[in-house]
Structure formats: C-alpha cells, structure tokens
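Colleague: Here you go, this is entry32.cif (mmCIF, C-alpha atoms).
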data_my_file
loop_
_atom_site.label_atom_id
_atom_site.label_comp_id
_atom_site.auth_asym_id
_atom_site.auth_seq_id
_atom_site.Cartn_x
_atom_site.Cartn_y
_atom_site.Cartn_z
CA MET B 1 79.93 82.18 120.77
CA HIS B 2 80.48 80.49 117.44
CA SER B 3 78.49 77.39 116.79
CA SER B 4 80.31 74.11 116.99
CA SER B 5 78.54 72.62 114.04
CA SER B 6 81.06 71.47 111.51
CA HIS B 7 80.66 71.44 107.77
CA ALA B 8 79.97 67.99 106.39
CA THR B 9 83.58 67.48 105.43
CA GLY B 10 85.34 70.03 107.60
CA ILE B 11 86.38 70.15 111.23
CA THR B 12 85.01 72.15 114.16
CA LEU B 13 86.79 75.15 115.65
CA GLU B 14 87.31 73.10 118.82
CA GLU B 15 88.95 70.30 116.82
CA PHE B 16 91.24 72.87 115.20
CA VAL B 17 92.27 74.39 118.55
CA TYR B 18 92.91 70.92 120.03
CA ALA B 19 95.01 69.92 117.01
CA ALA B 20 96.91 73.25 117.15
CA LYS B 21 97.85 72.74 120.82
CA ASP B 22 98.89 69.15 120.16
CA PHE B 23 100.91 70.25 117.11
CA ILE B 24 102.77 72.89 119.16
CA GLU B 25 103.82 70.20 121.66
CA LEU B 26 105.26 68.18 118.77
CA SER B 27 106.86 71.28 117.26
CA ASP B 28 108.62 72.01 120.56
CA LYS B 29 109.75 68.40 120.83
CA PHE B 30 111.19 68.40 117.29
CA LEU B 31 112.78 71.86 117.81
CA ASP B 32 110.62 73.33 115.06
CA SER B 33 109.76 76.97 115.73
CA TRP B 34 105.96 77.15 115.52
CA THR B 35 104.20 79.17 118.24
CA ILE B 36 100.53 79.30 119.19
CA TYR B 37 98.53 82.46 119.77
CA GLN B 38 95.23 82.07 121.52
CA ASN B 39 92.62 84.13 123.25
CA ASP B 40 90.16 82.20 125.37
CA ASN B 41 87.48 84.87 124.83
CA GLU B 42 87.81 84.58 121.06
CA LEU B 43 88.67 81.02 120.09
CA LEU B 44 88.36 81.90 116.41
CA HIS B 45 91.51 84.03 116.69
CA THR B 46 93.61 81.01 117.68
CA HIS B 47 96.42 80.58 115.16
CA ILE B 48 99.89 79.12 114.92
CA LYS B 49 102.83 80.92 113.42
CA LYS B 50 106.35 80.21 112.24
CA GLU B 51 108.99 82.66 111.04
CA GLU B 52 112.07 81.60 109.11
CA PHE B 53 114.58 82.82 106.58
CA VAL B 54 114.40 81.47 103.05
CA SER B 55 117.07 81.90 100.42
CA HIS B 56 116.71 82.09 96.67
CA ARG B 57 119.39 81.85 94.00
CA ASP B 58 118.58 83.78 90.82
CA GLU B 59 119.63 82.92 87.25
CA THR B 60 122.93 84.76 87.70
CA GLY B 61 123.80 82.72 90.79
CA ARG B 62 123.30 85.53 93.30
CA VAL B 63 121.69 84.44 96.56
CA PHE B 64 118.97 86.52 98.20
CA LEU B 65 117.68 86.09 101.73
CA TYR B 66 114.04 86.67 102.65
CA ARG B 67 112.10 86.54 105.89
CA ALA B 68 108.97 84.44 105.68
CA GLU B 69 106.11 84.21 108.13
CA TYR B 70 103.61 81.34 107.96
CA VAL B 71 100.29 81.45 109.79
CA ILE B 72 97.76 78.62 110.05
CA PHE B 73 94.32 79.73 111.20
CA TYR B 74 90.78 78.38 111.21
CA ASN B 75 88.63 79.32 108.24
CA LEU B 76 85.10 79.58 109.59
CA SER B 77 83.43 79.72 106.15
CA TYR B 78 84.98 76.43 105.02
CA GLY B 79 85.44 74.74 108.40
CA VAL B 80 89.10 73.94 107.71
CA PRO B 81 92.61 75.08 108.65
CA SER B 82 93.89 77.74 106.25
CA PHE B 83 97.47 78.57 105.36
CA SER B 84 98.63 82.16 104.98
CA PHE B 85 102.04 83.72 104.58
CA ASN B 86 104.01 86.89 103.98
CA VAL B 87 107.56 87.34 102.71
CA TRP B 88 109.83 90.35 103.18
CA ASP B 89 113.17 91.19 101.54
CA CYS B 90 116.24 92.21 103.58
CA SER B 91 115.18 95.86 103.57
CA GLY B 92 111.83 94.94 105.15
CA LYS B 93 109.75 95.46 102.00
CA LEU B 94 106.81 93.10 101.62
CA LEU B 95 107.06 91.04 98.44
CA THR B 96 104.29 91.23 95.85
CA LEU B 97 102.44 88.14 94.66
CA GLU B 98 104.53 88.12 91.47
CA GLU B 99 107.79 88.39 93.45
CA VAL B 100 106.70 85.53 95.70
CA ARG B 101 106.08 83.44 92.60
CA GLU B 102 109.47 84.39 91.14
CA ILE B 103 111.47 83.28 94.19
CA SER B 104 109.95 79.80 93.85
CA LEU B 105 108.66 79.75 97.39
CA MET B 106 105.77 77.95 95.78
CA LYS B 107 106.17 75.03 93.43
CA ILE B 108 103.23 75.48 91.10
CA SER B 109 102.80 76.79 87.58
CA LYS B 110 102.05 80.45 86.96
CA GLU B 111 98.49 79.70 85.84
CA ASP B 112 97.70 77.58 88.89
CA PHE B 113 99.49 79.96 91.20
CA TYR B 114 97.00 82.78 90.73
CA SER B 115 94.01 80.51 91.22
CA VAL B 116 95.46 79.01 94.42
CA VAL B 117 96.93 82.08 96.14
CA THR B 118 95.23 85.41 96.78
CA GLN B 119 96.31 88.43 98.75
CA GLN B 120 93.60 89.65 101.10
CA GLU B 121 93.07 91.11 104.54
CA HIS B 122 93.76 88.36 107.04
CA PRO B 123 90.54 87.34 108.86
CA VAL B 124 92.43 86.95 112.15
CA LEU B 125 95.38 89.36 111.89
CA TYR B 126 93.61 92.16 109.97
CA ARG B 127 96.42 93.04 107.59
CA PRO B 128 97.26 91.83 104.07
CA TYR B 129 98.48 88.23 103.77
CA PHE B 130 98.78 85.75 100.95
CA ILE B 131 96.25 83.02 101.59
CA ILE B 132 96.11 79.62 99.94
CA HIS B 133 92.53 79.12 98.83
CA PRO B 134 90.81 76.65 101.18
CA CYS B 135 88.24 75.25 98.74
CA HIS B 136 89.99 71.90 98.22
CA THR B 137 91.19 71.51 101.79
CA ALA B 138 87.90 70.22 103.20
CA ASN B 139 87.61 67.38 100.69
CA LEU B 140 91.24 66.36 101.14
CA LEU B 141 91.10 66.55 104.94
CA SER B 142 87.93 64.48 105.10
CA MET B 143 89.77 61.61 103.40
CA PHE B 144 92.47 61.63 106.10
CA LYS B 145 90.48 62.74 109.13
CA LYS B 146 89.94 59.26 110.58
CA LYS B 147 93.55 58.16 110.02
CA SER B 148 95.17 61.43 111.02
CA ARG B 149 97.44 61.52 114.08
CA ASN B 150 97.16 65.31 114.08
CA LEU B 151 95.02 67.35 111.68
CA ILE B 152 97.56 70.18 111.45
CA ILE B 153 100.31 67.74 110.41
CA THR B 154 97.95 66.16 107.87
CA PHE B 155 97.09 69.65 106.59
CA LEU B 156 100.80 70.59 106.30
CA GLY B 157 101.31 67.35 104.37
CA LEU B 158 98.68 68.53 101.89
CA ILE B 159 100.25 71.93 101.33
CA THR B 160 103.97 71.10 101.40
CA PRO B 161 103.82 70.09 97.72
CA LEU B 162 102.79 73.71 97.08
CA ILE B 163 105.07 75.65 99.37
CA GLN B 164 108.67 75.07 100.42
CA LEU B 165 108.37 74.57 104.15
CA ASN B 166 111.35 73.27 106.06
CA LEU B 167 109.68 70.73 108.29
CA PRO B 168 111.44 68.18 110.50
CA LEU B 169 111.18 64.58 109.28
CA GLU B 170 109.91 63.58 112.71
CA TYR B 171 106.43 64.81 111.81
CA GLY B 172 106.28 61.81 109.51
CA LEU B 173 104.93 63.73 106.52
#
In structure tokens, write the structure found in this file.
Modeller:
Amino acid sequence: MHSSSSHATGITLEEFVYAAKDFIELSDKFLDSWTIYQNDNELLHTHIKKEEFVSHRDETGRVFLYRAEYVIFYNLSYGVPSFSFNVWDCSGKLLTLEEVREISLMKISKEDFYSVVTQQEHPVLYRPYFIIHPCHTANLLSMFKKKSRNLIITFLGLITPLIQLNLPLEYGL
C-alpha cells in the first residue's frame, strides 16, 4: 500500500481518486467525454482520460485534423494531479514534441514550451507521453484547495491557459 501522507502543499492519492470520481460524474452530466480507469488493487493507477479531434490551420490555410488523448493521473513524487497527452496525425503517426508545438495545441512560447513539457515513459500507462511538468502544480493547487469545488476542475483551470482543451462552460472554469 502507498502511504496516505500528503506533501505539505499537495493532495493525497485518496483525495485525487475521490476528486476524479466526482469529476467524472460532472463530465457525464455536461456531456463531456472523460472516462475513469481504476483498479482497486492499485489505486495509484487510477487515471481519467479524454480523446478528441483537434484541427489546425497552417499558414497556407490548409486544415489538418489530429487525434488527441489527454490523461490526468496522480504524480506520487509531487503529490499532485499531472496532465499528460499524445497527439496523432490522420495516418496514426505520433507527433513529435516539435510538431505538437507547431500545431499550437499549446499556447506558450518556444522557450517556455521545452521547460514545461517533456516526453517520457508514462508512470501509469508505461508508454511515451508528453507530460506537463508538475513542479508548479502543488503551489498553485494549495492556494485553491480550500475553495475548490473539485480539485480536478481547479487543476484543469490551471492548465487550460497552456493547452487548448475544449471544456464545457458548465465546469465554471
């Protein structure tokens, strides 16, 4: 079993799982397409996932369609939710970090981009994903923790300035 002790500013695994279940109820209600994956024997593998198509118009005006997958999981080292994603083109090829940056899925400068996003083996799914670095999440979450209606929604509110997520207004972000 993993210990329930939380980092000074973070949240416990149990708090994450509770927030994830609550978030999925809201997602279903608002017809958003997040799903939860959980294994009662391994709580740490609990994660929520959303798949959607994103389009990008290049300088010449051509429109490209991509399939994006977003996964929110619990980062044990930092004691916070972490956001990871992958993007594929229409032929099923996984985009590189540079290609992800070029399609403006993320709204940050090139310099910041590489310090915020890294590609690494996913700690829950065990294959390469782009992961937004969690180092600032704990501090930001701690400021909202008491006021938060749902920690996952608060967390999404923190990362939506970085990544173009189509989220229903009903979440109240």
Colleague: Given only C-alpha atoms as the basis, pick out the residue of B:Gly61, B:Gly172, B:Gly10, B:Gly79 nearest to B:Asn150.
Modeller: B:Gly172
Colleague: Per residue of stretch 59-107 of chain B within 8 Å of stretch 120-139 of chain B, what are the shortest atom pair and its distance in Å to one decimal, counting only C-alpha atoms, with rows by chain and residue number, as CSV?
Modeller:
residue,atom,partner,partner_atom,distance
B:Phe73,CA,B:Val124,CA,7.5
B:Asn75,CA,B:Pro134,CA,7.9
B:Tyr78,CA,B:Pro134,CA,7.0
B:Gly79,CA,B:Ala138,CA,7.3
B:Val80,CA,B:Ala138,CA,6.0
B:Pro81,CA,B:Pro134,CA,7.8
B:Ser82,CA,B:Pro134,CA,6.0
B:Phe83,CA,B:Ile132,CA,5.7
B:Ser84,CA,B:Ile131,CA,4.2
B:Phe85,CA,B:Phe130,CA,5.3
B:Asn86,CA,B:Tyr129,CA,5.7
B:Leu97,CA,B:Phe130,CA,7.7
Colleague: In Å, how far is it from atom CA of B:Arg57 to atom CA of B:Glu102?
Modeller: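 Distance between the two atoms: 10.6 Å.
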Colleague: Of the candidates B:Lys93, B:Lys29, B:Lys50, B:His45, which one gets nearest to B:Tyr66 if we count all atoms listed in the file?
Modeller: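 Ranking B:Lys93, B:Lys29, B:Lys50, B:His45 by distance to B:Tyr66, first place goes to B:Lys93.
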Colleague: My list of candidates is B:Val117, B:Ile48, B:Ala20, B:Ile103. Which is closest to B:Ser33 when distances are computed with only C-alpha atoms?
Modeller: B:Ile48
Colleague: One decimal, in Å: what's the spacing between atom CA of B:Ala68 and atom CA of B:Lys49?
Modeller: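 Going from atom CA of B:Ala68 over to atom CA of B:Lys49 covers 10.5 Å.
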Colleague: With the file shown as input, list the residues that the PyMOL selection byres ((chain B and resi 170) around 12) selects, as a list in words.
Modeller: Leu26, Ser27, Asp28, Lys29, Phe30, Leu31, Asp32, Ile153, Asn166, Leu167, Pro168, Leu169, Tyr171, Gly172 and Leu173 of chain B
Colleague: Please write the residues from the selection above to a file, keeping C-alpha atoms, as a PDB file, keeping the file's coordinate frame.
Modeller:
ATOM      1  CA  LEU B  26     105.260  68.180 118.770  1.00  0.00           C
ATOM      2  CA  SER B  27     106.860  71.280 117.260  1.00  0.00           C
ATOM      3  CA  ASP B  28     108.620  72.010 120.560  1.00  0.00           C
ATOM      4  CA  LYS B  29     109.750  68.400 120.830  1.00  0.00           C
ATOM      5  CA  PHE B  30     111.190  68.400 117.290  1.00  0.00           C
ATOM      6  CA  LEU B  31     112.780  71.860 117.810  1.00  0.00           C
ATOM      7  CA  ASP B  32     110.620  73.330 115.060  1.00  0.00           C
ATOM      8  CA  ILE B 153     100.310  67.740 110.410  1.00  0.00           C
ATOM      9  CA  ASN B 166     111.350  73.270 106.060  1.00  0.00           C
ATOM     10  CA  LEU B 167     109.680  70.730 108.290  1.00  0.00           C
ATOM     11  CA  PRO B 168     111.440  68.180 110.500  1.00  0.00           C
ATOM     12  CA  LEU B 169     111.180  64.580 109.280  1.00  0.00           C
ATOM     13  CA  TYR B 171     106.430  64.810 111.810  1.00  0.00           C
ATOM     14  CA  GLY B 172     106.280  61.810 109.510  1.00  0.00           C
ATOM     15  CA  LEU B 173     104.930  63.730 106.520  1.00  0.00           C
TER      16      LEU B 173
END
Colleague: Quick one: apply the PyMOL selection byres ((chain B and resi 17) around 9) to the file and drop the selected residues here as a list of chain:residue names.
Modeller: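 That expression, the PyMOL selection byres ((chain B and resi 17) around 9), corresponds here to B:Thr12, B:Leu13, B:Glu14, B:Glu15, B:Phe16, B:Tyr18, B:Ala19, B:Ala20, B:Lys21, B:Asp22, B:Gln38, B:Leu43, B:Leu44, B:Thr46, B:His47, B:Tyr74.
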Colleague: Which is closest to B:Gln119 among B:Ser148, B:Thr96, B:Thr154, B:Thr60, if we use all atoms listed in the file?
Modeller: B:Thr96
Colleague: So that I can check the surroundings of B:Phe64, please list as a count of residues only every protein, DNA and RNA residue that reaches within 9 Å of it, counting only C-alpha atoms and ignoring chain neighbours fewer than 2 positions away.
Modeller: 9
Colleague: So how far away is atom CA of B:Leu165 from atom CA of B:Arg149, in Å?
Modeller: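 Taking atom CA of B:Arg149 and atom CA of B:Leu165, their separation equals 19.7 Å.
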Colleague: From the options B:Ser109, B:Leu65, B:Ile152, B:Leu76, which residue's atoms come nearest to B:Ile24, counting all atoms listed in the file?
Modeller: B:Ile152
Colleague: Which polymer residues have any atom within 12 Å of an atom of B:Lys146, counting only C-alpha atoms, with same-chain residues fewer than 5 positions away left out, as JSON, numbers by chain?
Modeller: {"B": [9, 11, 140, 141, 151, 154]}
